[in-house]
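K.L.:
For reference, the file model-v8.txt (compact mmCIF, C-alpha atoms) is included below:
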```txt
# COMPACT_ATOMS: atom_id res chain seq x y z
CA MET A 1 0.00 0.00 0.00
CA GLN A 2 2.85 2.42 0.81
CA SER A 3 4.23 2.17 -2.74
CA ASP A 4 0.72 2.87 -4.11
CA ILE A 5 0.52 6.00 -1.93
CA SER A 6 3.99 7.15 -3.02
CA GLN A 7 3.02 6.63 -6.66
CA LEU A 8 -0.26 8.52 -6.11
CA ILE A 9 1.53 11.46 -4.49
CA SER A 10 3.99 11.50 -7.39
CA LYS A 11 1.09 11.60 -9.88
CA LEU A 12 -0.47 14.49 -7.93
CA HIS A 13 2.81 16.43 -8.14
CA ASP A 14 2.86 15.77 -11.89
CA ALA A 15 -0.73 17.04 -12.23
CA ALA A 16 0.17 20.21 -10.33
CA LEU A 17 2.87 20.97 -12.88
CA VAL A 18 1.25 19.66 -16.06
CA PRO A 19 -2.57 19.90 -16.27
CA GLU A 20 -2.65 17.11 -18.86
CA ALA A 21 -1.47 14.76 -16.09
CA TRP A 22 -4.76 15.01 -14.13
CA PRO A 23 -6.34 11.98 -15.85
CA ALA A 24 -3.37 9.80 -14.81
CA ALA A 25 -3.54 11.18 -11.27
CA LEU A 26 -7.26 10.39 -11.10
CA ARG A 27 -6.68 6.84 -12.38
CA SER A 28 -3.96 6.40 -9.77
CA PHE A 29 -6.41 7.62 -7.13
CA THR A 30 -9.08 5.11 -8.15
CA GLU A 31 -6.57 2.26 -8.18
CA SER A 32 -4.94 3.19 -4.85
CA VAL A 33 -8.19 3.72 -3.01
CA GLY A 34 -10.16 0.96 -4.72
CA VAL A 35 -13.08 3.04 -5.99
CA ALA A 36 -14.85 3.10 -9.36
CA GLY A 37 -13.99 6.65 -10.37
CA ALA A 38 -12.87 10.13 -9.43
CA ALA A 39 -13.62 13.72 -10.43
CA TYR A 40 -11.62 16.96 -10.30
CA ILE A 41 -13.68 20.10 -10.98
CA VAL A 42 -12.65 23.78 -11.12
CA CYS A 43 -15.53 26.29 -10.98
CA SER A 44 -15.62 30.04 -11.49
CA LYS A 45 -17.57 31.93 -8.85
CA ALA A 46 -17.99 34.91 -11.17
CA THR A 47 -19.75 32.95 -13.90
CA GLY A 48 -21.03 29.99 -11.90
CA ARG A 49 -19.65 27.74 -14.65
CA VAL A 50 -17.19 24.87 -14.64
CA ASN A 51 -13.79 25.98 -15.99
CA LEU A 52 -12.39 22.47 -16.05
CA ALA A 53 -13.63 18.98 -15.26
CA ARG A 54 -11.58 15.80 -15.35
CA PHE A 55 -13.28 12.48 -14.63
CA SER A 56 -11.95 8.94 -14.50
CA GLY A 57 -13.61 5.58 -14.26
CA LEU A 58 -17.37 5.24 -14.49
CA SER A 59 -18.15 8.89 -15.21
CA ALA A 60 -15.35 9.58 -17.72
CA ALA A 61 -17.54 9.05 -20.78
CA LEU A 62 -20.00 11.70 -19.56
CA GLU A 63 -17.40 14.37 -18.67
CA SER A 64 -18.51 16.78 -21.40
CA ALA A 65 -22.21 16.20 -20.58
CA TYR A 66 -21.44 17.21 -16.99
CA VAL A 67 -19.73 20.43 -18.08
CA ASP A 68 -22.34 21.29 -20.73
CA HIS A 69 -25.49 20.50 -18.76
CA TYR A 70 -25.35 18.69 -15.42
CA ALA A 71 -22.90 20.94 -13.55
CA ALA A 72 -25.54 23.67 -13.39
CA LEU A 73 -27.94 21.16 -11.80
CA ASP A 74 -25.46 19.71 -9.29
CA PRO A 75 -26.96 20.23 -5.78
CA TYR A 76 -24.00 18.55 -4.10
CA SER A 77 -21.00 20.79 -4.84
CA PRO A 78 -22.14 24.07 -3.24
CA PRO A 79 -22.65 22.64 0.29
CA LEU A 80 -19.28 20.89 0.33
CA SER A 81 -16.79 22.05 2.91
CA ASP A 82 -13.08 21.46 3.39
CA GLY A 83 -13.88 18.10 4.96
CA TRP A 84 -14.98 14.94 3.19
CA VAL A 85 -18.75 14.58 2.76
CA LYS A 86 -20.74 11.70 1.30
CA LEU A 87 -23.44 12.49 -1.23
CA SER A 88 -25.71 10.04 0.61
CA GLU A 89 -25.49 12.32 3.68
CA CYS A 90 -26.01 15.65 1.86
CA PRO A 91 -28.34 16.85 0.25
CA PRO A 92 -31.59 15.28 1.52
CA GLU A 93 -32.64 12.02 -0.15
CA GLN A 94 -35.93 13.59 -1.29
CA LEU A 95 -33.99 16.18 -3.28
CA LEU A 96 -31.81 13.50 -4.87
CA ARG A 97 -34.82 11.39 -5.92
CA ARG A 98 -36.17 14.40 -7.88
CA SER A 99 -32.78 15.55 -9.17
CA GLU A 100 -32.10 15.32 -12.90
CA TRP A 101 -28.38 15.53 -12.07
CA TYR A 102 -28.58 12.49 -9.78
CA ASN A 103 -30.98 10.38 -11.84
CA ASP A 104 -29.73 11.15 -15.34
CA PHE A 105 -26.04 11.69 -14.66
CA VAL A 106 -24.84 10.05 -11.43
CA LEU A 107 -26.94 6.88 -11.64
CA THR A 108 -26.46 6.63 -15.41
CA CYS A 109 -22.71 6.53 -14.81
CA GLY A 110 -23.20 3.57 -12.48
CA VAL A 111 -22.32 5.63 -9.41
CA ARG A 112 -24.29 5.15 -6.18
CA ASP A 113 -22.44 7.48 -3.82
CA ILE A 114 -19.70 10.11 -3.95
CA LEU A 115 -17.22 11.09 -1.26
CA ALA A 116 -16.08 14.63 -1.99
CA ALA A 117 -14.53 17.79 -0.60
CA ARG A 118 -13.91 21.37 -1.61
CA LEU A 119 -10.13 21.52 -1.94
CA ILE A 120 -9.75 25.21 -2.78
CA ASP A 121 -12.12 28.10 -2.10
CA THR A 122 -10.95 31.56 -3.18
CA ALA A 123 -12.79 34.76 -3.98
CA SER A 124 -12.89 33.73 -7.63
CA HIS A 125 -12.81 29.92 -7.82
CA CYS A 126 -13.60 26.63 -6.09
CA VAL A 127 -11.98 23.27 -6.73
CA PHE A 128 -13.87 20.09 -5.87
CA PHE A 129 -12.60 16.53 -5.75
CA GLY A 130 -14.73 13.42 -5.48
CA LEU A 131 -14.38 9.66 -5.35
CA HIS A 132 -17.14 7.54 -6.88
CA GLN A 133 -18.67 4.43 -5.34
CA GLN A 134 -20.13 1.99 -7.86
CA ILE A 135 -23.74 0.87 -7.51
CA GLY A 136 -23.80 -2.32 -5.44
CA ARG A 137 -20.45 -1.63 -3.76
CA THR A 138 -19.33 0.14 -0.60
CA PHE A 139 -16.45 2.50 -0.07
CA PRO A 140 -13.35 0.53 1.02
CA GLY A 141 -12.47 0.61 4.71
CA LYS A 142 -9.00 1.98 3.91
CA ILE A 143 -10.40 5.11 2.25
CA THR A 144 -10.13 7.37 5.31
CA SER A 145 -6.51 6.48 6.04
CA ILE A 146 -5.51 7.00 2.39
CA LEU A 147 -7.32 10.35 2.20
CA ASN A 148 -5.56 11.47 5.38
CA LEU A 149 -2.19 10.60 3.82
CA VAL A 150 -2.78 12.37 0.50
CA ALA A 151 -5.02 15.30 1.47
CA GLY A 152 -2.08 17.72 1.73
CA PRO A 153 -0.50 16.81 -1.63
CA LEU A 154 -3.95 16.81 -3.27
CA LYS A 155 -4.70 20.34 -2.04
CA GLN A 156 -1.23 21.54 -3.04
CA ALA A 157 -1.67 20.12 -6.54
CA ALA A 158 -5.10 21.75 -6.87
CA ARG A 159 -3.77 25.09 -5.60
CA ARG A 160 -0.83 25.11 -7.99
CA HIS A 161 -2.97 23.97 -10.93
CA THR A 162 -5.59 26.64 -10.23
CA GLN A 163 -2.90 29.33 -10.06
CA GLN A 164 -1.58 28.18 -13.46
CA LEU A 165 -5.10 28.05 -14.90
CA LEU A 166 -5.84 31.60 -13.75
CA SER A 167 -2.48 32.97 -14.88
CA SER A 168 -3.22 31.71 -18.39
CA HIS A 169 -6.39 33.86 -18.34
CA PRO A 170 -5.14 37.33 -17.33
CA THR A 171 -8.63 38.83 -17.20
CA ALA A 172 -9.64 36.45 -14.41
CA PRO A 173 -9.51 37.82 -10.86
CA THR A 174 -6.38 36.92 -8.93
CA PRO A 175 -7.08 34.08 -6.51
CA GLU A 176 -6.53 34.44 -2.80
CA PHE A 177 -4.71 31.40 -1.47
CA GLY A 178 -4.17 30.89 2.20
```
Can the structure from this file be put into structure tokens for me?
P.N.:
Amino acid sequence: MQSDISQLISKLHDAALVPEAWPAALRSFTESVGVAGAAYIVCSKATGRVNLARFSGLSAALESAYVDHYAALDPYSPPLSDGWVKLSECPPEQLLRRSEWYNDFVLTCGVRDILAARLIDTASHCVFFGLHQQIGRTFPGKITSILNLVAGPLKQAARRHTQQLLSSHPTAPTPEFG
């Protein structure tokens, strides 16, 4: 397991430096943790739109559908905090049962639950990260210990990537990183 974690942290460092490396980092995450998929999403607070979304595993085929349509319907991302939150615990189940995002995107991907957190929250942008649990499966017992080990490198990679993303768009407001 330790070599998997070292490899995962290395992939996160790569993704921080080269945005094209995020898909490999997400695949490494899914393999190390033992989940069916992962998502990395950068949102603009000014426009309310997704600037970048990278998915792996079950949801990868619907990445562009998420950006083009379902992101605007996602009731889960706004209430996320810095800590890890399960979709099944927030928002209320009644809302999910009526949610086009949940029924036509999440379930269609074969995902039952998502464990996610807001990694970065600045005046201009938010970065979300989520791990996907396949329908009929449970999150592995080792998930908490792995997330504790890689939370720092994951946030650092997201912070550096977001800074690079914003610097390539000079009209975007300068992020405030703490």
K.L.:
Find the residue from A:Ser99, A:Ser88, A:Gln134, A:Thr108 that sits nearest to A:Gly57; use all atoms listed in the file when measuring.
P.N.:
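Selected residue with least distance to A:Gly57: A:Gln134.
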K.L.:
Residues within 9 Å of A:Ala117, please, as a list in words. Count all atoms listed in the file; anything in the same chain fewer than 2 positions from it doesn't count.
P.N.:
Ser77, Leu80, Ser81, Asp82, Gly83, Trp84, Val85, Lys86, Leu115, Leu119, Val127, Phe128, Phe129 and Gly130 of chain A
K.L.:
Taking all atoms listed in the file into account, which of A:Thr144, A:Thr138, A:Asn103, A:Ser167 comes nearest A:Ala36?
P.N.:
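Closest to A:Ala36, using all atoms listed in the file: A:Thr138.
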K.L.:
Identify which of the residues A:Cys109, A:Leu26, A:Ile146, A:Ala123 lies closest to A:Ala65, counting only C-alpha atoms when measuring atom-to-atom distances.
P.N.:
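Ranked by minimum distance to A:Ala65, first place goes to A:Cys109.
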K.L.:
Report the distance between atom CA of A:Asn51 and atom CA of A:His125 in Å, rounded to one decimal place.
P.N.:
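Separation of atom CA of A:Asn51 and atom CA of A:His125: 9.1 Å.
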K.L.:
Hey, can you check how far atom CA of A:Phe139 sits from atom CA of A:Leu52?
P.N.:
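Separation between atom CA of A:Phe139 and atom CA of A:Leu52: 25.9 Å.
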